[in-house]
file final_35.csv (CSV, C-alpha atoms and all ligand atoms)
chain,number,residue,atom,x,y,z
S,1,MET,CA,218.5,2.6,229.4
S,2,SER,CA,219.9,-0.4,231.1
S,3,GLY,CA,222.4,-1.0,233.9
S,4,ALA,CA,222.8,-2.8,237.2
S,5,ASN,CA,221.4,0.2,239.2
S,6,CYS,CA,218.6,1.2,236.8
S,7,LYS,CA,215.2,-0.4,237.6
S,8,GLU,CA,212.8,-0.6,234.7
S,9,VAL,CA,209.8,1.5,235.3
S,10,ASP,CA,206.5,0.0,234.5
S,11,PRO,CA,204.4,3.0,233.2
S,12,ARG,CA,201.1,1.2,234.0
S,13,LYS,CA,202.2,0.7,237.6
S,14,GLU,CA,203.3,4.3,237.9
S,15,GLU,CA,200.0,5.4,236.6
S,16,GLU,CA,198.1,3.2,239.1
S,17,GLU,CA,200.3,4.6,241.9
S,18,GLU,CA,199.5,8.1,240.8
S,19,GLU,CA,195.8,7.4,240.6
S,20,GLU,CA,196.0,5.8,244.1
S,21,GLU,CA,197.7,9.0,245.5
S,22,GLU,CA,195.1,11.2,243.9
S,23,GLU,CA,192.4,9.3,245.7
S,24,MET,CA,194.0,9.9,249.1
S,25,VAL,CA,193.1,13.3,250.7
S,26,THR,CA,194.2,14.6,254.0
S,27,GLY,CA,191.3,16.2,255.9
S,28,MET,CA,187.6,16.2,255.1
S,29,GLY,CA,185.2,18.4,257.1
S,30,SER,CA,186.2,18.4,260.8
S,31,TYR,CA,188.3,15.2,260.3
S,32,LYS,CA,191.9,16.0,259.7
S,33,GLY,CA,193.1,12.4,259.0
S,34,LYS,CA,193.5,10.7,255.7
S,35,VAL,CA,190.5,9.6,253.6
S,36,ARG,CA,190.3,7.7,250.3
S,37,MET,CA,187.9,9.5,248.1
S,38,VAL,CA,185.0,7.4,246.8
S,39,ARG,CA,184.3,8.6,243.2
S,40,GLY,CA,182.8,7.1,240.1
S,41,ASP,CA,181.2,3.7,240.1
S,42,PRO,CA,180.4,2.7,243.7
S,43,SER,CA,180.7,-1.0,242.8
S,44,ASP,CA,184.5,-0.4,242.4
S,45,GLU,CA,184.5,0.9,245.9
S,46,MET,CA,182.8,-2.3,247.1
S,47,MET,CA,185.3,-4.5,245.2
S,48,LEU,CA,188.2,-2.6,246.7
S,49,LEU,CA,186.7,-2.8,250.2
S,50,TRP,CA,186.1,-6.5,250.0
S,51,GLY,CA,189.5,-7.1,248.4
S,52,LEU,CA,191.3,-5.2,251.1
S,53,GLN,CA,189.3,-6.3,254.1
S,54,GLN,CA,188.1,-9.8,253.2
S,55,PRO,CA,185.4,-9.6,255.9
S,56,THR,CA,184.2,-13.2,255.5
S,57,PHE,CA,187.4,-14.5,257.0
S,58,SER,CA,186.7,-12.8,260.4
S,59,LYS,CA,184.1,-13.4,263.0
S,60,PRO,CA,181.0,-11.1,263.1
S,61,ASN,CA,180.2,-9.2,266.4
S,62,ALA,CA,183.7,-9.7,267.7
S,63,PHE,CA,183.5,-6.7,270.1
S,64,VAL,CA,180.0,-7.3,271.5
S,65,SER,CA,178.0,-9.9,273.2
S,66,GLN,CA,174.4,-9.5,272.1
S,67,SER,CA,173.0,-12.1,274.5
S,68,SER,CA,174.2,-10.2,277.6
S,69,LEU,CA,172.0,-7.7,279.5
S,70,ASN,CA,175.0,-5.5,279.9
S,71,LEU,CA,178.0,-4.4,277.9
S,72,THR,CA,181.0,-2.6,279.4
S,73,LEU,CA,183.6,-0.6,277.5
S,74,ASP,CA,186.5,1.5,278.7
S,75,ALA,CA,186.5,4.9,277.0
S,76,CYS,CA,187.5,8.4,277.8
S,77,GLY,CA,189.0,7.4,281.2
S,78,ARG,CA,185.9,5.7,282.5
S,79,ARG,CA,184.1,2.4,282.3
S,80,LEU,CA,180.8,2.8,280.3
S,81,SER,CA,178.1,0.4,281.2
S,82,ILE,CA,175.5,-0.1,278.5
S,83,SER,CA,172.2,-2.0,279.2
S,84,GLN,CA,171.0,-4.2,276.4
S,85,SER,CA,167.7,-5.9,275.8
S,86,PRO,CA,168.5,-9.1,273.9
S,87,SER,CA,164.9,-10.4,274.2
S,88,SER,CA,163.6,-7.4,272.2
S,89,LEU,CA,165.9,-8.1,269.3
S,90,GLY,CA,163.5,-10.6,267.7
S,91,ALA,CA,160.6,-8.1,267.6
S,92,PRO,CA,159.8,-6.8,264.1
S,93,GLY,CA,161.9,-3.8,263.2
S,94,VAL,CA,163.9,-3.8,266.5
S,95,THR,CA,167.7,-3.8,266.0
S,96,GLY,CA,168.9,-1.2,268.4
S,97,SER,CA,168.2,-3.0,271.6
S,98,VAL,CA,171.7,-4.5,271.6
S,99,MET,CA,175.1,-3.1,270.5
S,100,TRP,CA,176.7,-3.8,267.2
S,101,ASP,CA,180.4,-4.0,266.3
S,102,SER,CA,180.4,-0.8,264.2
S,103,GLY,CA,179.1,1.1,267.2
S,104,ILE,CA,182.1,0.1,269.3
S,105,VAL,CA,184.4,0.8,266.3
S,106,LEU,CA,182.9,4.2,265.8
S,107,GLY,CA,183.0,5.1,269.5
S,108,LYS,CA,186.6,4.2,269.9
S,109,PHE,CA,187.4,5.8,266.5
S,110,LEU,CA,186.0,9.1,267.8
S,111,GLU,CA,188.0,8.8,271.1
S,112,ASN,CA,191.2,8.0,269.2
S,113,ALA,CA,190.7,10.7,266.6
S,114,VAL,CA,190.1,13.3,269.4
S,115,GLU,CA,193.1,12.1,271.4
S,116,THR,CA,195.4,12.2,268.4
S,117,GLY,CA,194.3,15.7,267.4
S,118,LEU,CA,192.6,14.5,264.2
S,119,LEU,CA,189.1,15.5,265.3
S,120,GLY,CA,187.8,18.2,267.7
S,121,LEU,CA,184.5,17.6,269.3
S,122,GLN,CA,184.8,20.2,272.1
S,123,GLY,CA,181.7,22.4,272.0
S,124,LYS,CA,180.5,20.9,268.7
S,125,LYS,CA,176.9,19.9,268.1
S,126,VAL,CA,176.6,16.2,267.4
S,127,VAL,CA,173.4,14.5,266.2
S,128,GLU,CA,173.5,10.7,266.4
S,129,LEU,CA,171.1,8.8,264.1
S,130,GLY,CA,169.8,5.4,265.0
S,131,ALA,CA,171.6,5.6,268.3
S,132,GLY,CA,170.2,2.3,269.6
S,133,CYS,CA,171.7,1.7,273.1
S,134,GLY,CA,173.5,5.1,272.9
S,135,LEU,CA,177.2,4.2,273.4
S,136,VAL,CA,178.6,6.3,270.6
S,137,GLY,CA,176.7,9.4,271.5
S,138,CYS,CA,177.8,9.0,275.2
S,139,ILE,CA,181.4,8.8,274.1
S,140,ALA,CA,181.0,11.9,271.9
S,141,ALA,CA,179.6,13.8,275.0
S,142,LEU,CA,182.5,12.7,277.1
S,143,LEU,CA,184.8,14.1,274.3
S,144,GLY,CA,183.1,17.5,274.8
S,145,ALA,CA,180.3,17.5,272.3
S,146,GLN,CA,176.7,18.7,272.8
S,147,VAL,CA,175.1,15.5,271.7
S,148,ILE,CA,171.5,14.7,270.7
S,149,LEU,CA,171.1,11.0,270.4
S,150,THR,CA,168.1,10.1,268.2
S,151,ASP,CA,166.1,7.0,267.3
S,152,MET,CA,162.6,5.9,266.6
S,153,PRO,CA,160.1,6.9,269.4
S,154,ASP,CA,159.7,3.4,270.8
S,155,ARG,CA,163.5,3.0,271.2
S,156,LEU,CA,164.0,5.9,273.5
S,157,ARG,CA,163.4,4.2,276.9
S,158,LEU,CA,166.6,2.2,276.8
S,159,LEU,CA,168.5,5.1,275.2
S,160,LYS,CA,167.5,7.4,278.0
S,161,LYS,CA,168.4,4.9,280.7
S,162,ASN,CA,171.9,4.4,279.2
S,163,ILE,CA,172.5,8.2,279.0
S,164,GLU,CA,171.4,8.6,282.6
S,165,ASP,CA,173.6,5.7,283.8
S,166,ASN,CA,176.7,6.9,282.0
S,167,MET,CA,176.6,10.7,282.0
S,168,TYR,CA,177.4,11.3,285.7
S,169,GLY,CA,180.2,13.3,287.2
S,170,ASP,CA,182.6,15.2,285.1
S,171,VAL,CA,181.3,15.1,281.5
S,172,ARG,CA,183.0,17.6,279.2
S,173,GLY,CA,179.9,17.9,276.9
S,174,CYS,CA,176.3,16.8,277.4
S,175,ALA,CA,173.9,14.2,276.0
S,176,THR,CA,170.1,14.2,275.5
S,177,ALA,CA,167.7,11.8,273.7
S,178,ASN,CA,165.2,12.9,271.0
S,179,GLU,CA,163.0,11.0,268.7
S,180,LEU,CA,163.8,11.1,265.0
S,181,THR,CA,162.5,8.7,262.4
S,182,TRP,CA,164.4,9.0,259.1
S,183,GLY,CA,162.5,10.8,256.4
S,184,ASP,CA,160.4,12.8,258.9
S,185,ARG,CA,161.0,16.5,259.3
S,186,PRO,CA,163.5,16.9,262.1
S,187,GLU,CA,162.6,19.2,265.0
S,188,PRO,CA,164.3,22.6,264.8
S,189,GLU,CA,166.7,21.9,267.6
S,190,LEU,CA,168.2,19.1,265.5
S,191,VAL,CA,168.8,21.3,262.5
S,192,GLU,CA,169.6,24.7,264.0
S,193,PRO,CA,173.3,25.6,264.5
S,194,LEU,CA,174.7,26.5,267.8
S,195,PRO,CA,174.1,30.1,268.6
S,196,ASP,CA,177.7,31.4,269.0
S,197,PHE,CA,178.6,31.6,265.3
S,198,GLY,CA,180.8,34.2,263.7
S,199,THR,CA,181.7,34.4,260.1
S,200,VAL,CA,184.8,33.1,258.2
S,201,TYR,CA,185.7,32.8,254.6
S,202,LEU,CA,186.9,29.6,253.1
S,203,PRO,CA,189.8,29.7,250.6
S,204,ASP,CA,187.2,29.3,247.7
S,205,SER,CA,185.6,32.5,249.0
S,206,SER,CA,182.4,30.9,250.2
S,207,LEU,CA,181.0,32.3,253.3
S,208,VAL,CA,180.7,30.0,256.3
S,209,LYS,CA,179.1,30.7,259.6
S,210,ALA,CA,181.5,29.6,262.3
S,211,PRO,CA,183.6,31.0,265.2
S,212,LEU,CA,186.7,32.8,263.9
S,213,SER,CA,189.5,30.3,263.8
S,214,ASN,CA,192.7,29.6,261.9
S,215,ASP,CA,191.8,26.0,261.8
S,216,LEU,CA,189.7,25.1,258.8
S,217,ALA,CA,188.6,21.9,260.5
S,218,GLU,CA,187.0,24.0,263.2
S,219,VAL,CA,184.8,25.7,260.6
S,220,TYR,CA,182.8,22.4,260.6
S,221,LYS,CA,180.9,22.9,263.8
S,222,GLU,CA,178.2,20.2,263.4
S,223,VAL,CA,178.8,16.5,263.2
S,224,VAL,CA,176.3,13.8,262.4
S,225,ILE,CA,177.2,10.3,263.4
S,226,GLY,CA,175.7,6.9,262.9
S,227,SER,CA,176.8,3.3,263.3
S,228,ASP,CA,175.2,0.4,261.5
S,229,VAL,CA,172.4,2.5,260.0
S,230,ILE,CA,172.8,1.3,256.4
S,231,TYR,CA,171.3,-2.1,256.4
S,232,SER,CA,167.8,-1.9,254.9
S,233,GLU,CA,167.2,-1.0,251.3
S,234,GLU,CA,163.8,0.5,252.1
S,235,ALA,CA,165.3,2.9,254.6
S,236,VAL,CA,168.2,4.2,252.4
S,237,THR,CA,166.1,7.0,250.8
S,238,ASP,CA,164.7,8.2,254.1
S,239,LEU,CA,168.1,8.0,255.8
S,240,LEU,CA,169.6,10.1,253.0
S,241,ASP,CA,166.7,12.6,253.2
S,242,THR,CA,167.5,13.0,256.9
S,243,LEU,CA,171.2,13.4,256.3
S,244,VAL,CA,170.5,16.2,253.8
S,245,GLU,CA,168.0,17.9,256.2
S,246,LEU,CA,170.6,17.9,258.9
S,247,SER,CA,173.5,19.0,256.8
S,248,GLY,CA,174.7,22.5,256.1
S,249,ILE,CA,178.0,23.6,254.6
S,250,ASN,CA,179.7,23.2,258.0
S,251,THR,CA,178.4,19.7,258.8
S,252,THR,CA,180.6,16.6,258.8
S,253,ILE,CA,179.0,13.2,258.7
S,254,ILE,CA,180.8,10.2,260.1
S,255,LEU,CA,179.2,6.8,259.4
S,256,ALA,CA,180.5,3.3,260.4
S,257,GLY,CA,178.7,0.4,258.6
S,258,GLU,CA,178.8,-3.3,258.8
S,259,LEU,CA,179.7,-5.6,255.9
S,260,ARG,CA,177.1,-8.4,255.7
S,261,ASN,CA,175.9,-11.1,253.4
S,262,GLY,CA,173.2,-10.1,251.0
S,263,ASN,CA,171.4,-11.5,248.1
S,264,SER,CA,172.3,-9.6,244.9
S,265,LEU,CA,174.0,-11.1,242.0
S,266,ARG,CA,175.0,-7.7,240.5
S,267,CYS,CA,178.3,-7.4,242.3
S,268,TYR,CA,179.3,-11.0,241.6
S,269,ILE,CA,178.7,-10.6,237.9
S,270,ARG,CA,180.5,-7.2,237.8
S,271,LEU,CA,183.5,-8.6,239.7
S,272,LEU,CA,183.8,-11.5,237.3
S,273,LEU,CA,183.6,-9.3,234.3
S,274,LYS,CA,186.1,-6.9,235.7
S,275,SER,CA,188.5,-9.5,236.9
S,276,VAL,CA,191.9,-9.0,235.3
S,277,THR,CA,192.9,-12.6,235.4
S,278,PRO,CA,191.8,-14.7,232.4
S,279,LEU,CA,190.9,-17.6,234.6
S,280,VAL,CA,188.3,-17.2,237.3
S,281,ARG,CA,190.2,-18.1,240.5
S,282,VAL,CA,188.6,-19.5,243.6
S,283,ASP,CA,189.7,-16.6,245.7
S,284,VAL,CA,188.0,-14.2,243.2
S,285,ILE,CA,184.8,-16.2,243.5
S,286,PHE,CA,185.1,-16.1,247.3
S,287,GLU,CA,185.6,-12.3,247.2
S,288,ALA,CA,182.7,-12.0,244.8
S,289,VAL,CA,180.3,-14.0,247.0
S,290,GLY,CA,181.2,-11.6,249.8
S,291,CYS,CA,180.5,-8.7,247.6
S,292,LEU,CA,176.9,-9.8,247.4
S,293,ALA,CA,176.7,-8.5,250.8
S,294,ASP,CA,176.9,-4.9,250.1
S,295,ALA,CA,174.3,-4.2,247.6
S,296,ILE,CA,172.7,-1.9,250.2
S,297,LEU,CA,175.9,-0.1,251.1
S,298,GLU,CA,176.6,0.3,247.3
S,299,TYR,CA,173.1,1.6,246.8
S,300,PHE,CA,173.6,4.1,249.6
S,301,LEU,CA,176.9,5.3,248.3
S,302,GLU,CA,175.5,5.7,244.8
S,303,ALA,CA,172.6,7.8,246.0
S,304,ALA,CA,174.7,9.7,248.6
S,305,MET,CA,177.2,10.7,245.9
S,306,GLU,CA,174.6,13.0,244.4
S,307,GLU,CA,174.6,15.3,247.4
S,308,PHE,CA,177.9,14.5,249.3
S,309,MET,CA,181.6,14.1,248.8
S,310,ILE,CA,182.5,10.8,250.4
S,311,GLY,CA,185.8,9.6,251.8
S,312,ARG,CA,186.6,6.2,253.3
S,313,VAL,CA,188.8,6.1,256.4
S,314,ASP,CA,191.1,3.2,256.1
S,315,GLN,CA,191.6,0.9,259.2
S,316,ALA,CA,195.0,2.5,259.8
S,317,GLY,CA,193.1,5.6,260.9
S,318,TRP,CA,191.0,3.8,263.5
S,319,HIS,CA,191.7,3.0,267.2
S,320,PRO,CA,194.4,0.3,267.0
S,321,ASP,CA,192.6,-2.1,269.3
S,322,TYR,CA,189.2,-1.7,267.6
S,323,ARG,CA,189.7,-2.5,263.9
S,324,SER,CA,187.4,-4.9,262.2
S,325,PRO,CA,187.5,-6.2,258.6
S,326,ARG,CA,183.7,-6.4,258.9
S,327,VAL,CA,183.3,-2.6,259.3
S,328,ALA,CA,183.7,0.3,256.9
S,329,MET,CA,184.0,4.0,257.9
S,330,TYR,CA,183.0,6.9,255.8
S,331,VAL,CA,183.2,10.7,256.1
S,332,LEU,CA,180.7,12.8,254.1
S,333,VAL,CA,180.5,16.5,253.5
S,334,MET,CA,178.0,18.3,251.3
S,335,LYS,CA,179.1,19.1,247.8
P,1,LIG,C1,171.6,-2.0,263.7
P,1,LIG,S1,171.0,-0.8,264.8
P,1,LIG,C2,172.4,0.0,265.3
P,1,LIG,C3,172.3,0.7,266.6
P,1,LIG,C4,173.6,1.4,267.1
P,1,LIG,N1,173.8,2.5,266.3
P,1,LIG,C5,174.8,0.5,267.2
P,1,LIG,O1,175.7,0.6,266.4
P,1,LIG,O2,174.8,-0.4,268.1
P,1,LIG,C6,170.1,0.3,263.8
P,1,LIG,C7,169.5,1.5,264.5
P,1,LIG,O3,168.8,2.3,263.6
P,1,LIG,C8,167.5,2.6,264.0
P,1,LIG,N2,166.6,2.8,262.9
P,1,LIG,C9,166.3,1.9,261.9
P,1,LIG,N3,165.4,2.5,261.1
P,1,LIG,C10,165.2,3.7,261.5
P,1,LIG,C11,164.4,4.8,261.0
P,1,LIG,N4,163.7,4.6,259.9
P,1,LIG,N5,164.4,5.9,261.7
P,1,LIG,C12,165.2,6.1,262.8
P,1,LIG,N6,166.0,5.1,263.3
P,1,LIG,C13,166.0,4.0,262.6
P,1,LIG,C14,167.1,1.4,264.8
P,1,LIG,O4,166.1,1.6,265.7
P,1,LIG,C15,168.4,1.0,265.5
P,1,LIG,O5,168.6,1.7,266.7

call {"tool": "encode", "arguments": {"input": "final_35.csv", "output": "structure tokens"}}
result
Amino acid sequence: MSGANCKEVDPRKEEEEEEEEEEMVTGMGSYKGKVRMVRGDPSDEMMLLWGLQQPTFSKPNAFVSQSSLNLTLDACGRRLSISQSPSSLGAPGVTGSVMWDSGIVLGKFLENAVETGLLGLQGKKVVELGAGCGLVGCIAALLGAQVILTDMPDRLRLLKKNIEDNMYGDVRGCATANELTWGDRPEPELVEPLPDFGTVYLPDSSLVKAPLSNDLAEVYKEVVIGSDVIYSEEAVTDLLDTLVELSGINTTIILAGELRNGNSLRCYIRLLLKSVTPLVRVDVIFEAVGCLADAILEYFLEAAMEEFMIGRVDQAGWHPDYRSPRVAMYVLVMK
């Protein structure tokens, strides 16, 4: 058919748009916002992420000053004051003695999601992994959660100090620190659900222990959070073991990770092979070089997909003032 008002429909474009829509889901676990499902080959996810965000064009650590002894951030109606220990950063294995951008992004994401009704943390049990200086867990406690901030045993001193310094006055929830090294068996209090559980049925007739509620997102009573915890290939298996140990059918995991430069050629080669343009353009190469970064994130996603459904929260769903092309945010729930 032809005519001035009839646009020709490109079936390939339509198909792509349909596929795109299929990947978007509203609501995953306790998060009621939109997520883009991560399915299939995780290298496609990495390419999409790098293509969309182009992280190498923006400055790393835009929201933090890692050389300062103190970092302040306004959240939940108060000014949080987080002590840092920049001099410890050089010590082997020490990364949590200062704040990282994805921690600020995750903390402000939680605040924004609760304020806009996309997430409820009131009365929920939250376990933070690799809490470092403790900012994110403190924000979760101010938002009403019962938070256990965890890290390796020698990291707890600074964590406890920051909890004490910031959890004063009217705090809707509570925060405590506990040691947890990934891959080790977590203490029972980290795994056990809160005691006041009733029983509800999900639409697929599976039985879930949770307080009676009409709100399906409320069925998910436990939340595990972590910022910048996916950065070491050796630790990925242990981290995943811990995520599995801590997860039940009513657990939602929210992770924010940083996109960094890495050293794998895999992604580069894949991107070139999959490039739809016959000529290899400079921007494709640039993107590909960036992709080298995320061999570890890709490895994590690939392994995590065996146990979890994974959705990425696009930047549009984050706090408007705390969006960074260098950060990616994922929600995971058990399959
Ligand atoms: C890059 S820091 C991020 C700290 C904090 N979440 C933030 O965003 O500022 C990584 C954190 O993970 C912790 N971590 C690394 N390996 C760990 C392990 N095997 N078990 C437990 N915690 C670990 C580190 O001690 C550190 O606090």

call {"tool": "closest_atom_pairs", "arguments": {"input": "final_35.csv", "of": "chain S", "to": "ligand LIG 1 (chain P)", "cutoff": "7 Å", "atoms": "all atoms listed in the file", "output": "tab-separated table"}}
result
residue	atom	partner	partner_atom	distance
S:Val94	CA	P:LIG1	O4	5.9
S:Thr95	CA	P:LIG1	S1	4.6
S:Gly96	CA	P:LIG1	O5	3.4
S:Ser97	CA	P:LIG1	O5	6.8
S:Val98	CA	P:LIG1	O2	6.2
S:Met99	CA	P:LIG1	O2	3.6
S:Trp100	CA	P:LIG1	O2	4.0
S:Asp101	CA	P:LIG1	O1	6.6
S:Ser102	CA	P:LIG1	O1	5.4
S:Gly103	CA	P:LIG1	O1	3.5
S:Leu129	CA	P:LIG1	N6	6.4
S:Gly130	CA	P:LIG1	O3	3.5
S:Ala131	CA	P:LIG1	N1	4.3
S:Gly132	CA	P:LIG1	O5	3.4
S:Cys133	CA	P:LIG1	O2	6.2
S:Gly134	CA	P:LIG1	C4	6.9
S:Asp151	CA	P:LIG1	N6	4.4
S:Met152	CA	P:LIG1	C12	4.6
S:Arg155	CA	P:LIG1	O4	6.2
S:Leu180	CA	P:LIG1	C12	5.6
S:Thr181	CA	P:LIG1	N5	3.5
S:Trp182	CA	P:LIG1	N5	4.0
S:Gly226	CA	P:LIG1	N1	5.9
S:Ser227	CA	P:LIG1	O1	4.3
S:Asp228	CA	P:LIG1	C2	4.7
S:Val229	CA	P:LIG1	C6	5.0
S:Ala235	CA	P:LIG1	N4	5.8
S:Asp238	CA	P:LIG1	N4	6.9
S:Leu239	CA	P:LIG1	N4	6.9

call {"tool": "atom_distance", "arguments": {"input": "final_35.csv", "atom1": "atom CA of Tyr231 of chain S", "atom2": "atom CA of Ala295 of chain S"}}
result
9.5 Å

call {"tool": "closest_residue", "arguments": {"input": "final_35.csv", "among": "S:Ile230, S:Val333, S:Ala316, S:Ile163", "to": "Leu135 of chain S", "atoms": "all atoms listed in the file"}}
result
S:Ile163

call {"tool": "residues_around", "arguments": {"input": "final_35.csv", "residues": "Pro60 of chain S", "least_positions_apart": "6", "cutoff": "12 Å", "atoms": "all atoms listed in the file", "output": "PyMOL selection string"}}
result
chain S and resi 66+100-102+258-261+324-327

call {"tool": "residues_around", "arguments": {"input": "final_35.csv", "residues": "Glu222 of chain S", "least_positions_apart": "4", "cutoff": "10 Å", "atoms": "all atoms listed in the file", "output": "PyMOL selection string"}}
result
chain S and resi 29-30+121+123-127+145-146+191-194+218+246-253

call {"tool": "write_last_selection", "arguments": {"input": "final_35.csv", "atoms": "C-alpha atoms", "output": "mmCIF file, in the frame of the given file"}}
result
data_model
loop_
_atom_site.group_PDB
_atom_site.id
_atom_site.type_symbol
_atom_site.label_atom_id
_atom_site.label_comp_id
_atom_site.auth_asym_id
_atom_site.auth_seq_id
_atom_site.Cartn_x
_atom_site.Cartn_y
_atom_site.Cartn_z
ATOM 1 C CA GLY S 29 185.200 18.400 257.100
ATOM 2 C CA SER S 30 186.200 18.400 260.800
ATOM 3 C CA LEU S 121 184.500 17.600 269.300
ATOM 4 C CA GLY S 123 181.700 22.400 272.000
ATOM 5 C CA LYS S 124 180.500 20.900 268.700
ATOM 6 C CA LYS S 125 176.900 19.900 268.100
ATOM 7 C CA VAL S 126 176.600 16.200 267.400
ATOM 8 C CA VAL S 127 173.400 14.500 266.200
ATOM 9 C CA ALA S 145 180.300 17.500 272.300
ATOM 10 C CA GLN S 146 176.700 18.700 272.800
ATOM 11 C CA VAL S 191 168.800 21.300 262.500
ATOM 12 C CA GLU S 192 169.600 24.700 264.000
ATOM 13 C CA PRO S 193 173.300 25.600 264.500
ATOM 14 C CA LEU S 194 174.700 26.500 267.800
ATOM 15 C CA GLU S 218 187.000 24.000 263.200
ATOM 16 C CA LEU S 246 170.600 17.900 258.900
ATOM 17 C CA SER S 247 173.500 19.000 256.800
ATOM 18 C CA GLY S 248 174.700 22.500 256.100
ATOM 19 C CA ILE S 249 178.000 23.600 254.600
ATOM 20 C CA ASN S 250 179.700 23.200 258.000
ATOM 21 C CA THR S 251 178.400 19.700 258.800
ATOM 22 C CA THR S 252 180.600 16.600 258.800
ATOM 23 C CA ILE S 253 179.000 13.200 258.700
#

call {"tool": "atom_distance", "arguments": {"input": "final_35.csv", "atom1": "atom CA of Leu52 of chain S", "atom2": "atom CA of Met329 of chain S"}}
result
13.6 Å

call {"tool": "residues_around", "arguments": {"input": "final_35.csv", "residues": "Pro320 of chain S", "least_positions_apart": "3", "cutoff": "9 Å", "atoms": "all atoms listed in the file", "output": "tab-separated table (two decimals) with C-alpha atoms, in the frame of the given file"}}
result
chain	number	residue	atom	x	y	z
S	109	PHE	CA	187.40	5.80	266.50
S	112	ASN	CA	191.20	8.00	269.20
S	315	GLN	CA	191.60	0.90	259.20
S	316	ALA	CA	195.00	2.50	259.80
S	317	GLY	CA	193.10	5.60	260.90
S	323	ARG	CA	189.70	-2.50	263.90

call {"tool": "atom_distance", "arguments": {"input": "final_35.csv", "atom1": "atom CA of Ala175 of chain S", "atom2": "atom CA of Leu73 of chain S"}}
result
17.8 Å

call {"tool": "residues_near_point", "arguments": {"input": "final_35.csv", "point": "(171.9, -12.0, 278.3)", "cutoff": "9 Å", "atoms": "all atoms listed in the file", "output": "PyMOL selection string"}}
result
chain S and resi 65-70+84-87
